[in-house]
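Working notes, structure below.
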Amino acid sequence: MRFVFAAAALVVATGALAASAAAAPHHGHKHGHHGHHGHHGRPAAHHRTRRVSPHGTDAGDCTHHPCRTIGYAVGQADPGDRVKVAHGTYAESVSLTKRLSLEGHGATIDATGDVNGITITGPDSAGSSVRGFTVRGAYQEGIFADLTSGLRIEHNRVVENDTGLGDPNYCQNNQDDCGEAIHLQSVTHSRVSHNLVRDNVGGILLTDEEGPTAWNAIDHNAVLHNTLDCGITLASHWFQFGEPAPPDVAGVYENSVRHNVSSGNGAAGIGVFAGPPGAAAWSNVVDHNVATDNGLPGVAIHSHFGFQNVENNVVTHNFLARNGSDDDAETGADTGIVVFADLVFHDPPGFPPADPIQHTTVAHNQIADEHYGIYLKGAAAPEGLASNHYHHVDVPVYGP
């Protein structure tokens, strides 16, 4: 949100990026194997491979002879088909509104002049996958998914997007956070894994503008040098007075962020944030990550107003070092982990201050080369606090 041992840990975590995707749990939809018949004895659909090459021609159905553009092949494809894209650069923006497997083999999508590089939208796109691409040059986001589920976004390089940042109309129609490389908005049961996300405005973002974003796995990504925003952000943007968003309405909850490297980003390494009244960012797990040299704390949990749910988040087994201070929490010095609720905020008028954050777990983290190890303001003492380890930390725990 816009608002010695270190080296060894970084090497271990970066090496994990090369691990097989099959080794990590899959939280997406399960698709049974294709037998000879589908449900109720009907013949199963015959899924075909559509091919794309810089030397192809946009004619025919892209099965026997490759087509020239990814967009044309996607238009020809039937739900469940694979679109296989050969080595080369494709100057276009790609939109998936049906279930497809988009597979790149040394393929680059250069989205210069387009809003997003790849957009995956609507319930009919559920179960789609995007893997093997370099996505660059988009005015806003490299890969944007909205109102869908069961996605797999894996083994991509999403770099140098957010080119419209200097435009005064940039993000004009977005509440916040429109400049991330990979953005899941109101998306469930999906996985973002083994991607390199580098040199964008922000890294990986999960939000809930149109409904819940839940049960997603963000794992084994390298999120590096995204210059102005967080590396990995879980931000609830839902707005209502009276109570936090119920789980069937909205919220960013029960997502897992595991085995990522988030380093050199402009804001927090990993953030869990509730924005306006009614926002709900709860029961997320941040585990076994490396967050170093970020502009704000390595892990930040924030509640800014009343009627929010920022309970039961878990921060465990992370390595955090040389991160920055938190202006909202007024840490005034480098901080590994901050848990902050603004208990006195009264602006804009009529907006209530936040309630204290309860029931957070902060356990078994290694924190090095920070002034504050764990900084608590407007938050109850987390469970597991005594189990954290510190190296060259001036104040291990500040607060209750």
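Chain identifiers are assigned as A, B, and so on, following the order in which chains appear in the structure tokens; residues are numbered from 1 within each chain, and ligands are numbered from 1 in order of appearance.
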
>> Taking 4 positions as the minimum chain separation for residues in the same chain, which residues sit within 6 Å of region 122-136 of chain A when counting only C-alpha atoms? Answer as a PyMOL selection string.
In response: chain A and resi 97-105+107-110+142+147-161

Selected residues written out, N, CA and C atoms, as an mmCIF file, in the first residue's frame:
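The resulting file, out_3.cif, is reproduced below:
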```cif
data_model
loop_
_atom_site.group_PDB
_atom_site.id
_atom_site.type_symbol
_atom_site.label_atom_id
_atom_site.label_comp_id
_atom_site.auth_asym_id
_atom_site.auth_seq_id
_atom_site.Cartn_x
_atom_site.Cartn_y
_atom_site.Cartn_z
ATOM 1 N N THR A 97 -10.861 -14.765 -21.323
ATOM 2 C CA THR A 97 -12.197 -14.775 -20.715
ATOM 3 C C THR A 97 -12.791 -16.177 -20.732
ATOM 4 N N LYS A 98 -11.990 -17.181 -21.074
ATOM 5 C CA LYS A 98 -12.398 -18.586 -21.046
ATOM 6 C C LYS A 98 -11.220 -19.396 -20.529
ATOM 7 N N ARG A 99 -11.477 -20.618 -20.107
ATOM 8 C CA ARG A 99 -10.427 -21.427 -19.489
ATOM 9 C C ARG A 99 -9.450 -21.906 -20.548
ATOM 10 N N LEU A 100 -8.210 -21.402 -20.447
ATOM 11 C CA LEU A 100 -7.161 -21.765 -21.382
ATOM 12 C C LEU A 100 -5.851 -21.960 -20.626
ATOM 13 N N SER A 101 -4.958 -22.732 -21.222
ATOM 14 C CA SER A 101 -3.587 -22.831 -20.747
ATOM 15 C C SER A 101 -2.716 -22.041 -21.708
ATOM 16 N N LEU A 102 -2.167 -20.944 -21.220
ATOM 17 C CA LEU A 102 -1.321 -20.075 -22.035
ATOM 18 C C LEU A 102 0.123 -20.398 -21.679
ATOM 19 N N GLU A 103 0.864 -20.920 -22.639
ATOM 20 C CA GLU A 103 2.180 -21.505 -22.376
ATOM 21 C C GLU A 103 3.233 -20.844 -23.262
ATOM 22 N N GLY A 104 4.184 -20.176 -22.637
ATOM 23 C CA GLY A 104 5.239 -19.513 -23.396
ATOM 24 C C GLY A 104 6.527 -20.299 -23.375
ATOM 25 N N HIS A 105 7.252 -20.277 -24.497
ATOM 26 C CA HIS A 105 8.550 -20.943 -24.627
ATOM 27 C C HIS A 105 9.555 -19.895 -25.094
ATOM 28 N N ALA A 107 8.912 -16.740 -24.806
ATOM 29 C CA ALA A 107 8.049 -15.728 -25.419
ATOM 30 C C ALA A 107 7.955 -14.497 -24.527
ATOM 31 N N THR A 108 8.015 -13.315 -25.137
ATOM 32 C CA THR A 108 7.879 -12.044 -24.444
ATOM 33 C C THR A 108 6.633 -11.334 -24.944
ATOM 34 N N ILE A 109 5.782 -10.917 -24.025
ATOM 35 C CA ILE A 109 4.662 -10.043 -24.350
ATOM 36 C C ILE A 109 5.092 -8.619 -24.032
ATOM 37 N N ASP A 110 5.259 -7.821 -25.064
ATOM 38 C CA ASP A 110 5.620 -6.413 -24.911
ATOM 39 C C ASP A 110 4.332 -5.608 -25.017
ATOM 40 N N GLY A 142 1.304 -5.956 -15.201
ATOM 41 C CA GLY A 142 1.756 -6.999 -16.118
ATOM 42 C C GLY A 142 0.720 -8.076 -16.303
ATOM 43 N N LEU A 147 -12.237 -11.417 -10.699
ATOM 44 C CA LEU A 147 -13.488 -12.173 -10.604
ATOM 45 C C LEU A 147 -13.366 -13.564 -11.229
ATOM 46 N N THR A 148 -12.359 -14.298 -10.796
ATOM 47 C CA THR A 148 -12.146 -15.633 -11.321
ATOM 48 C C THR A 148 -11.544 -16.503 -10.227
ATOM 49 N N SER A 149 -11.194 -17.747 -10.558
ATOM 50 C CA SER A 149 -10.691 -18.659 -9.536
ATOM 51 C C SER A 149 -9.877 -19.772 -10.188
ATOM 52 N N GLY A 150 -9.152 -20.501 -9.347
ATOM 53 C CA GLY A 150 -8.435 -21.682 -9.810
ATOM 54 C C GLY A 150 -7.343 -21.401 -10.813
ATOM 55 N N LEU A 151 -6.723 -20.221 -10.751
ATOM 56 C CA LEU A 151 -5.667 -19.869 -11.698
ATOM 57 C C LEU A 151 -4.330 -20.435 -11.240
ATOM 58 N N ARG A 152 -3.442 -20.636 -12.205
ATOM 59 C CA ARG A 152 -2.033 -20.926 -11.924
ATOM 60 C C ARG A 152 -1.202 -19.953 -12.754
ATOM 61 N N ILE A 153 -0.476 -19.076 -12.066
ATOM 62 C CA ILE A 153 0.398 -18.100 -12.706
ATOM 63 C C ILE A 153 1.801 -18.446 -12.243
ATOM 64 N N GLU A 154 2.582 -19.100 -13.107
ATOM 65 C CA GLU A 154 3.806 -19.758 -12.673
ATOM 66 C C GLU A 154 4.937 -19.566 -13.670
ATOM 67 N N HIS A 155 6.148 -19.450 -13.143
ATOM 68 C CA HIS A 155 7.372 -19.461 -13.952
ATOM 69 C C HIS A 155 7.367 -18.370 -15.021
ATOM 70 N N ASN A 156 6.898 -17.179 -14.645
ATOM 71 C CA ASN A 156 6.929 -16.021 -15.539
ATOM 72 C C ASN A 156 7.941 -14.993 -15.034
ATOM 73 N N ARG A 157 8.366 -14.111 -15.936
ATOM 74 C CA ARG A 157 9.168 -12.929 -15.594
ATOM 75 C C ARG A 157 8.296 -11.707 -15.869
ATOM 76 N N VAL A 158 7.918 -11.002 -14.816
ATOM 77 C CA VAL A 158 7.048 -9.837 -14.959
ATOM 78 C C VAL A 158 7.875 -8.628 -14.550
ATOM 79 N N VAL A 159 8.346 -7.880 -15.531
ATOM 80 C CA VAL A 159 9.385 -6.882 -15.298
ATOM 81 C C VAL A 159 9.069 -5.589 -16.050
ATOM 82 N N GLU A 160 9.440 -4.473 -15.431
ATOM 83 C CA GLU A 160 9.430 -3.171 -16.091
ATOM 84 C C GLU A 160 8.049 -2.801 -16.619
ATOM 85 N N ASN A 161 7.025 -3.056 -15.810
ATOM 86 C CA ASN A 161 5.686 -2.572 -16.124
ATOM 87 C C ASN A 161 5.438 -1.254 -15.391
#
```

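Across region 65-125 of chain A, DSSP run on the backbone finds strand (DSSP E or B) at Cys67, Arg82, Val83, Lys84, Val85, Gly88, Thr89, Tyr90, Val94, Ser95, Leu96, Ser101, Leu102, Glu103, Gly104, His105, Gly106, Ala107, Thr108, Ile109, Asp110, Ile118, Thr119, Ile120 and Thr121 of chain A.
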
> Leaving out Val249 (chain A) and any residue of its chain fewer than 5 positions from it, which residues lie within 12 Å of it when counting only C-alpha atoms, given as an NGL selection string?
Replying inline: :A and (186 or 208-214 or 236 or 238-240 or 243-244 or 278-280)

Dump of N, CA and C atoms for the selected residues, as a PDB file, in the first residue's frame:
```pdb
ATOM      1  N   SER A 186     -10.386  -9.937  -6.309  1.00  0.00           N
ATOM      2  CA  SER A 186     -11.575 -10.778  -6.134  1.00  0.00           C
ATOM      3  C   SER A 186     -11.378 -12.127  -6.819  1.00  0.00           C
ATOM      4  N   ASP A 208      -9.754  -6.844  -2.941  1.00  0.00           N
ATOM      5  CA  ASP A 208     -11.116  -7.397  -2.851  1.00  0.00           C
ATOM      6  C   ASP A 208     -12.199  -6.422  -3.290  1.00  0.00           C
ATOM      7  N   GLU A 209     -11.955  -5.585  -4.289  1.00  0.00           N
ATOM      8  CA  GLU A 209     -12.923  -4.565  -4.667  1.00  0.00           C
ATOM      9  C   GLU A 209     -14.293  -5.121  -5.051  1.00  0.00           C
ATOM     10  N   GLU A 210     -14.348  -6.307  -5.641  1.00  0.00           N
ATOM     11  CA  GLU A 210     -15.618  -6.842  -6.152  1.00  0.00           C
ATOM     12  C   GLU A 210     -16.056  -8.125  -5.455  1.00  0.00           C
ATOM     13  N   GLY A 211     -15.340  -8.525  -4.427  1.00  0.00           N
ATOM     14  CA  GLY A 211     -15.693  -9.744  -3.716  1.00  0.00           C
ATOM     15  C   GLY A 211     -14.465 -10.329  -3.049  1.00  0.00           C
ATOM     16  N   PRO A 212     -14.620 -11.467  -2.370  1.00  0.00           N
ATOM     17  CA  PRO A 212     -13.516 -12.025  -1.587  1.00  0.00           C
ATOM     18  C   PRO A 212     -12.302 -12.389  -2.434  1.00  0.00           C
ATOM     19  N   THR A 213     -11.141 -12.205  -1.849  1.00  0.00           N
ATOM     20  CA  THR A 213      -9.891 -12.763  -2.371  1.00  0.00           C
ATOM     21  C   THR A 213      -9.347 -13.671  -1.270  1.00  0.00           C
ATOM     22  N   ALA A 214      -9.479 -14.987  -1.486  1.00  0.00           N
ATOM     23  CA  ALA A 214      -9.234 -15.927  -0.399  1.00  0.00           C
ATOM     24  C   ALA A 214      -8.705 -17.246  -0.938  1.00  0.00           C
ATOM     25  N   SER A 236      -7.121  -5.169   1.835  1.00  0.00           N
ATOM     26  CA  SER A 236      -8.573  -5.098   1.694  1.00  0.00           C
ATOM     27  C   SER A 236      -8.984  -3.658   1.436  1.00  0.00           C
ATOM     28  N   TRP A 238     -12.347  -2.993   0.693  1.00  0.00           N
ATOM     29  CA  TRP A 238     -13.810  -2.941   0.821  1.00  0.00           C
ATOM     30  C   TRP A 238     -14.220  -1.809   1.767  1.00  0.00           C
ATOM     31  N   PHE A 239     -15.286  -1.095   1.400  1.00  0.00           N
ATOM     32  CA  PHE A 239     -15.705   0.087   2.160  1.00  0.00           C
ATOM     33  C   PHE A 239     -17.169  -0.058   2.559  1.00  0.00           C
ATOM     34  N   GLN A 240     -17.414  -0.091   3.873  1.00  0.00           N
ATOM     35  CA  GLN A 240     -18.773  -0.033   4.396  1.00  0.00           C
ATOM     36  C   GLN A 240     -18.694   0.360   5.868  1.00  0.00           C
ATOM     37  N   GLU A 243     -19.803  -2.661  10.163  1.00  0.00           N
ATOM     38  CA  GLU A 243     -19.117  -3.898  10.507  1.00  0.00           C
ATOM     39  C   GLU A 243     -18.108  -4.224   9.412  1.00  0.00           C
ATOM     40  N   PRO A 244     -17.141  -5.088   9.722  1.00  0.00           N
ATOM     41  CA  PRO A 244     -16.231  -5.527   8.660  1.00  0.00           C
ATOM     42  C   PRO A 244     -16.979  -6.359   7.612  1.00  0.00           C
ATOM     43  N   GLY A 278     -14.736  -1.052   7.131  1.00  0.00           N
ATOM     44  CA  GLY A 278     -15.332  -2.227   6.511  1.00  0.00           C
ATOM     45  C   GLY A 278     -14.341  -3.193   5.932  1.00  0.00           C
ATOM     46  N   ALA A 279     -13.080  -2.785   5.820  1.00  0.00           N
ATOM     47  CA  ALA A 279     -12.062  -3.659   5.231  1.00  0.00           C
ATOM     48  C   ALA A 279     -11.783  -4.840   6.152  1.00  0.00           C
ATOM     49  N   ALA A 280     -11.405  -5.964   5.529  1.00  0.00           N
ATOM     50  CA  ALA A 280     -11.157  -7.187   6.287  1.00  0.00           C
ATOM     51  C   ALA A 280      -9.959  -7.906   5.693  1.00  0.00           C
TER      52      ALA A 280
END
```

> Skipping near chain neighbours, those fewer than 3 positions away, what residues fall within 9 Å of His55 (chain A) using only C-alpha atoms, listed as a list in words?
Replying inline: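 Near neighbours after the sequence-gap exclusion: Val52, Pro66, Cys67 and Arg68 of chain A.
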
For the residues selected in the previous step, produce a file with C-alpha atoms as a compact mmCIF listing (two decimals), in the first residue's frame.
```txt
# COMPACT_ATOMS: atom_id res chain seq x y z
CA VAL A 52 1.71 -19.07 -32.15
CA PRO A 66 0.96 -21.28 -36.30
CA CYS A 67 -0.72 -17.94 -36.06
CA ARG A 68 1.12 -14.64 -35.69
```

>> Quick one: residues within 10 Å of Thr331 (chain A), only C-alpha atoms, excluding same-chain residues fewer than 5 positions away - as an MDAnalysis selection string?
In response: chainID A and resid 297 324:326 338 371:372 375:377 398

Please produce an output containing C-alpha atoms for each residue in the selection, written as a PDB file, in the first residue's frame.
```pdb
ATOM      1  CA  PRO A 297       9.402  -2.911   7.539  1.00  0.00           C
ATOM      2  CA  GLY A 324      13.090   0.598   6.778  1.00  0.00           C
ATOM      3  CA  SER A 325      10.905   2.513   9.207  1.00  0.00           C
ATOM      4  CA  ASP A 326       7.101   2.783   9.178  1.00  0.00           C
ATOM      5  CA  VAL A 338       5.271  -3.897  12.725  1.00  0.00           C
ATOM      6  CA  HIS A 371      16.714  -0.942  15.319  1.00  0.00           C
ATOM      7  CA  TYR A 372      13.368  -2.468  16.276  1.00  0.00           C
ATOM      8  CA  TYR A 375       7.184  -2.928  16.895  1.00  0.00           C
ATOM      9  CA  LEU A 376       3.660  -3.038  18.361  1.00  0.00           C
ATOM     10  CA  LYS A 377       1.379   0.001  18.437  1.00  0.00           C
ATOM     11  CA  TYR A 398       8.717  -2.360  21.416  1.00  0.00           C
TER      12      TYR A 398
END
```

> With only C-alpha atoms as the atoms that count, which of A:Thr233, A:Thr163, A:Asn116, A:Asn265 lies nearest to Glu141 (chain A)?
Replying inline: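 Counting only C-alpha atoms, the residue closest to Glu141 (chain A) is A:Asn116.
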
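Among the candidate residues A:Ala267, A:Val314, A:Ala77, A:Ile374, the one lying nearest to Val339 (chain A) is A:Ile374, with distances computed using only C-alpha atoms.
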
>> Quick one: residues within 12 Å of Pro348 (chain A), only C-alpha atoms, excluding same-chain residues fewer than 2 positions away - as a list in words?
In response: Pro276, Pro277, His304, Phe305, Phe345, His346, Gly350, Phe351, Pro352 and Pro353 of chain A

Writer output for current selection, N, CA and C atoms, as a short mmCIF file (atom, residue, chain, number, x, y, z; two decimals), in the first residue's frame:
```cif
data_model
loop_
_atom_site.label_atom_id
_atom_site.label_comp_id
_atom_site.auth_asym_id
_atom_site.auth_seq_id
_atom_site.Cartn_x
_atom_site.Cartn_y
_atom_site.Cartn_z
N PRO A 276 -10.08 1.21 4.12
CA PRO A 276 -11.20 2.01 4.62
C PRO A 276 -12.01 1.26 5.69
N PRO A 277 -12.96 1.94 6.33
CA PRO A 277 -13.89 1.22 7.21
C PRO A 277 -14.57 0.08 6.45
N HIS A 304 -6.38 0.87 9.92
CA HIS A 304 -6.41 2.33 9.92
C HIS A 304 -7.71 2.95 10.42
N PHE A 305 -8.83 2.21 10.40
CA PHE A 305 -10.12 2.75 10.80
C PHE A 305 -10.89 1.70 11.59
N PHE A 345 -6.96 8.10 14.99
CA PHE A 345 -7.16 8.78 13.71
C PHE A 345 -8.59 9.29 13.61
N HIS A 346 -8.78 10.56 13.26
CA HIS A 346 -10.13 11.14 13.16
C HIS A 346 -10.31 11.91 11.85
N GLY A 350 -15.92 11.86 10.63
CA GLY A 350 -16.91 10.79 10.61
C GLY A 350 -16.33 9.41 10.50
N PHE A 351 -15.05 9.29 10.18
CA PHE A 351 -14.41 7.99 10.12
C PHE A 351 -13.90 7.63 11.51
N PRO A 352 -14.28 6.47 12.03
CA PRO A 352 -13.87 6.12 13.39
C PRO A 352 -12.44 5.61 13.43
N PRO A 353 -11.75 5.79 14.55
CA PRO A 353 -10.41 5.21 14.69
C PRO A 353 -10.48 3.70 14.76
#
```

>> Nearest residue to Ile218 (chain A) out of A:Gln185, A:Ser263, A:Asn289, A:Thr361, using only C-alpha atoms?
In response: A:Asn289

> Out of A:His391, A:Leu234, A:Ala59, A:Pro79, which residue has the shortest atom-to-atom distance to His47 (chain A) when counting only C-alpha atoms?
Replying inline: A:Pro79

> What is the distance, in Å and to one decimal place, between CA of Ala86 (chain A) and CA of Thr121 (chain A)?
Replying inline: 24.1 Å

> Which one is closest to Pro247 (chain A): A:His259, A:Asn226, A:Ala380, A:Ala281? Count only C-alpha atoms.
Replying inline: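 Residue with the minimum atom-to-atom distance to Pro247 (chain A): A:Ala281.
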
> Which polymer residues have any atom within 10 Å of an atom of Ala91 (chain A), counting only C-alpha atoms, with same-chain residues fewer than 3 positions away left out, as an MDAnalysis selection string?
Replying inline: chainID A and resid 69:70 88 94 108:114 117 136:137
